[in-house]
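Participant: Got query.cif for you, mmCIF, C-alpha atoms:
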data_structure
#
loop_
_atom_site.group_PDB
_atom_site.id
_atom_site.type_symbol
_atom_site.label_atom_id
_atom_site.label_comp_id
_atom_site.auth_asym_id
_atom_site.auth_seq_id
_atom_site.Cartn_x
_atom_site.Cartn_y
_atom_site.Cartn_z
ATOM 1 C CA MET A 293 -39.028 -74.531 -51.451
ATOM 2 C CA LYS A 294 -36.147 -72.683 -49.767
ATOM 3 C CA LYS A 295 -36.341 -69.884 -52.342
ATOM 4 C CA THR A 296 -40.108 -69.518 -51.734
ATOM 5 C CA VAL A 297 -39.552 -69.200 -47.974
ATOM 6 C CA MET A 298 -36.851 -66.571 -48.507
ATOM 7 C CA ILE A 299 -39.095 -64.571 -50.853
ATOM 8 C CA ALA A 300 -41.979 -64.768 -48.374
ATOM 9 C CA ALA A 301 -39.727 -63.623 -45.528
ATOM 10 C CA ALA A 302 -38.390 -60.716 -47.594
ATOM 11 C CA SER A 303 -41.924 -59.694 -48.556
ATOM 12 C CA ALA A 304 -43.027 -59.759 -44.919
ATOM 13 C CA GLY A 305 -40.023 -57.635 -43.945
ATOM 14 C CA LEU A 306 -40.820 -55.066 -46.627
ATOM 15 C CA ALA A 307 -44.458 -54.929 -45.510
ATOM 16 C CA VAL A 308 -43.405 -54.273 -41.922
ATOM 17 C CA MET A 309 -40.979 -51.532 -42.992
ATOM 18 C CA ALA A 310 -43.705 -49.903 -45.106
ATOM 19 C CA ALA A 311 -46.004 -49.928 -42.094
ATOM 20 C CA LEU A 312 -43.317 -48.279 -39.940
ATOM 21 C CA THR A 313 -42.962 -45.231 -42.185
ATOM 22 C CA PRO A 314 -46.234 -43.604 -41.018
ATOM 23 C CA VAL A 315 -45.161 -44.162 -37.410
ATOM 24 C CA SER A 316 -42.323 -41.688 -37.736
ATOM 25 C CA ALA A 317 -44.261 -39.220 -39.914
ATOM 26 C CA ALA A 318 -45.764 -36.348 -37.940
ATOM 27 C CA SER A 319 -47.353 -32.971 -38.479
ATOM 28 C CA ALA A 320 -45.355 -29.764 -38.509
ATOM 29 C CA MET A 321 -46.877 -28.905 -35.127
ATOM 30 C CA ILE A 322 -45.558 -32.104 -33.569
ATOM 31 C CA GLU A 323 -42.161 -31.798 -35.237
ATOM 32 C CA ASN A 324 -41.867 -28.241 -33.873
ATOM 33 C CA ALA A 325 -42.903 -29.448 -30.407
ATOM 34 C CA LYS A 326 -40.301 -32.229 -30.592
ATOM 35 C CA ASP A 327 -37.622 -29.712 -31.600
ATOM 36 C CA ASN A 328 -38.587 -27.575 -28.585
ATOM 37 C CA CYS A 329 -38.637 -30.509 -26.157
ATOM 38 C CA ILE A 330 -42.378 -30.214 -25.519
ATOM 39 C CA VAL A 331 -43.179 -33.600 -27.055
ATOM 40 C CA GLY A 332 -40.850 -36.567 -27.241
ATOM 41 C CA GLU A 333 -40.565 -40.157 -28.315
ATOM 42 C CA GLN A 334 -41.003 -42.704 -25.557
ATOM 43 C CA ALA A 335 -39.581 -46.191 -25.051
ATOM 44 C CA ASP A 336 -43.106 -47.613 -25.359
ATOM 45 C CA GLY A 337 -43.431 -46.487 -28.998
ATOM 46 C CA TYR A 338 -45.762 -43.574 -28.386
ATOM 47 C CA LEU A 339 -45.320 -39.816 -28.193
ATOM 48 C CA GLY A 340 -45.464 -38.176 -24.793
ATOM 49 C CA ILE A 341 -45.764 -34.663 -23.442
ATOM 50 C CA VAL A 342 -42.627 -33.738 -21.518
ATOM 51 C CA PRO A 343 -43.548 -32.921 -17.888
ATOM 52 C CA GLY A 344 -43.600 -29.193 -17.226
ATOM 53 C CA ALA A 345 -43.833 -28.353 -20.930
ATOM 54 C CA ASN A 346 -46.472 -25.906 -22.069
ATOM 55 C CA ALA A 347 -48.510 -28.046 -24.480
ATOM 56 C CA SER A 348 -51.642 -26.494 -25.965
ATOM 57 C CA ALA A 349 -54.908 -28.394 -26.142
ATOM 58 C CA GLN A 350 -54.468 -28.578 -29.922
ATOM 59 C CA LEU A 351 -51.014 -30.131 -29.553
ATOM 60 C CA ARG A 352 -52.308 -32.600 -26.978
ATOM 61 C CA GLY A 353 -55.021 -33.585 -29.451
ATOM 62 C CA GLU A 354 -52.441 -34.086 -32.210
ATOM 63 C CA VAL A 355 -50.350 -36.279 -29.917
ATOM 64 C CA ARG A 356 -53.434 -38.316 -29.028
ATOM 65 C CA ASP A 357 -54.306 -38.733 -32.737
ATOM 66 C CA VAL A 358 -50.778 -39.799 -33.673
ATOM 67 C CA ASN A 359 -50.690 -42.292 -30.810
ATOM 68 C CA GLN A 360 -54.013 -43.796 -31.935
ATOM 69 C CA GLN A 361 -52.638 -44.141 -35.465
ATOM 70 C CA ARG A 362 -49.478 -45.725 -34.117
ATOM 71 C CA LYS A 363 -51.460 -48.211 -32.057
ATOM 72 C CA ALA A 364 -53.299 -49.332 -35.209
ATOM 73 C CA ILE A 365 -49.997 -49.693 -37.067
ATOM 74 C CA TYR A 366 -48.470 -51.632 -34.170
ATOM 75 C CA ALA A 367 -51.504 -53.929 -34.137
ATOM 76 C CA ASP A 368 -50.964 -54.622 -37.839
ATOM 77 C CA ILE A 369 -47.254 -55.271 -37.320
ATOM 78 C CA ALA A 370 -48.044 -57.540 -34.359
ATOM 79 C CA LYS A 371 -50.486 -59.547 -36.428
ATOM 80 C CA ARG A 372 -48.003 -59.931 -39.298
ATOM 81 C CA THR A 373 -45.071 -60.885 -37.084
ATOM 82 C CA ASP A 374 -46.942 -62.952 -34.476
ATOM 83 C CA VAL A 375 -46.021 -60.791 -31.467
ATOM 84 C CA THR A 376 -48.076 -58.664 -29.088
ATOM 85 C CA VAL A 377 -48.927 -55.043 -29.828
ATOM 86 C CA ASP A 378 -46.673 -53.981 -26.940
ATOM 87 C CA VAL A 379 -43.725 -55.903 -28.382
ATOM 88 C CA ALA A 380 -44.276 -54.369 -31.823
ATOM 89 C CA ALA A 381 -44.485 -50.899 -30.250
ATOM 90 C CA THR A 382 -41.366 -51.369 -28.140
ATOM 91 C CA ARG A 383 -39.341 -52.677 -31.075
ATOM 92 C CA THR A 384 -40.375 -49.675 -33.154
ATOM 93 C CA ALA A 385 -39.678 -47.331 -30.245
ATOM 94 C CA SER A 386 -35.995 -48.175 -30.187
ATOM 95 C CA ARG A 387 -35.708 -47.018 -33.804
ATOM 96 C CA LEU A 388 -37.741 -43.862 -33.179
ATOM 97 C CA VAL A 389 -35.733 -42.924 -30.085
ATOM 98 C CA ASN A 390 -32.469 -43.556 -31.942
ATOM 99 C CA GLU A 391 -33.646 -41.288 -34.779
ATOM 100 C CA ALA A 392 -34.414 -38.380 -32.421
ATOM 101 C CA LYS A 393 -32.368 -35.298 -33.235
ATOM 102 C CA ARG A 394 -29.997 -33.460 -30.962
ATOM 103 C CA GLY A 395 -31.922 -31.132 -28.648
ATOM 104 C CA GLN A 396 -35.062 -33.273 -28.689
ATOM 105 C CA CYS A 397 -36.325 -35.080 -25.607
ATOM 106 C CA VAL A 398 -36.879 -38.810 -25.293
ATOM 107 C CA ARG A 399 -38.239 -40.927 -22.465
ATOM 108 C CA ASP A 400 -36.231 -44.034 -21.686
ATOM 109 C CA ALA A 401 -37.522 -47.390 -20.446
ATOM 110 C CA SER A 402 -37.090 -46.328 -16.814
ATOM 111 C CA GLY A 403 -39.462 -43.402 -17.399
ATOM 112 C CA GLU A 404 -36.806 -40.697 -17.271
ATOM 113 C CA TRP A 405 -36.958 -37.860 -19.808
ATOM 114 C CA LEU A 406 -33.609 -37.005 -21.388
ATOM 115 C CA GLN A 407 -32.686 -34.159 -23.693
ATOM 116 C CA LEU A 408 -30.342 -35.326 -26.436
#
Have the structure of the file written as structure tokens, please.

Facilitator:
Amino acid sequence: MKKTVMIAAASAGLAVMAALTPVSAASAMIENAKDNCIVGEQADGYLGIVPGANASAQLRGEVRDVNQQRKAIYADIAKRTDVTVDVAATRTASRLVNEAKRGQCVRDASGEWLQL
């Protein structure tokens, strides 16, 4: 019985990690915008446009698309782990913000944008 529970828990953990991979994947346009501090990761688990940045309509559309995809992934994670979508997003956000590269911008939980 104990072994079955451990295997089930490990399987659930692997499924959640597999679902997280697409969250961090982004198009070349978004990666370039992140490198130029136009787009950044936010503490809520979604991408944001840095205030004052010159973001094209196409980039804004890409950000919107990625955020919609993330919301679907967060909903799946929430369902699997019995938490709310917001909790799943926030938990993922901490990893995404921590993975941001030097020179990129991130928005912390207080709403402040910081350049790393």

Participant: Please indicate the distance in Å from atom CA of A:Gln396 to atom CA of A:Val355, rounded to one decimal place.

Facilitator: 15.6 Å

Participant: Please measure the separation of atom CA of A:Lys326 and atom CA of A:Val358, giving the value in Å to one decimal.

Facilitator: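 Result for atom CA of A:Lys326 versus atom CA of A:Val358: 13.3 Å, one decimal.
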
Participant: Point out the residue among A:Val342, A:Val331, A:Ala367, A:Met321 with the least atom-to-atom distance to A:Gly403, counting only C-alpha atoms.

Facilitator: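 For A:Gly403, the nearest of the candidates is A:Val342.
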
Participant: Looking at all atoms listed in the file, which of A:Arg394, A:Leu408, A:Ile369, A:Ser386 is the one that sits closest to A:Gln334?

Facilitator: A:Ser386

Participant: Need to verify the contact set: A:Ala381, 9 Å, only C-alpha atoms, exclusion of same-chain residues closer than 5 positions in sequence. Can you return it as a PyMOL selection string?

Facilitator: chain A and resi 335-338+362-363+365-367+369-370+376+386

Participant: Can you tell me, as a count of residues only, what residues are no more than 12 Å from A:Ala320 when counting only C-alpha atoms, ignoring any on the same chain fewer than 4 positions away?

Facilitator: 7

Participant: Given the file shown, enumerate the residues that the PyMOL selection byres ((chain A and resi 333) around 6) captures and present them as an NGL selection string.

Facilitator: :A and (332 or 334 or 339 or 389 or 398)

Participant: For a quick check of understanding, using all atoms listed in the file, which of A:Glu404, A:Arg387, A:Lys393, A:Val379 has the smallest distance to A:Cys329?

Facilitator: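 Distance minimum relative to A:Cys329 lands on A:Lys393.
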
Participant: One decimal, in Å: what's the spacing between atom CA of A:Ile341 and atom CA of A:Glu323?

Facilitator: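 Pair atom CA of A:Ile341 / atom CA of A:Glu323 returns 12.7 Å.
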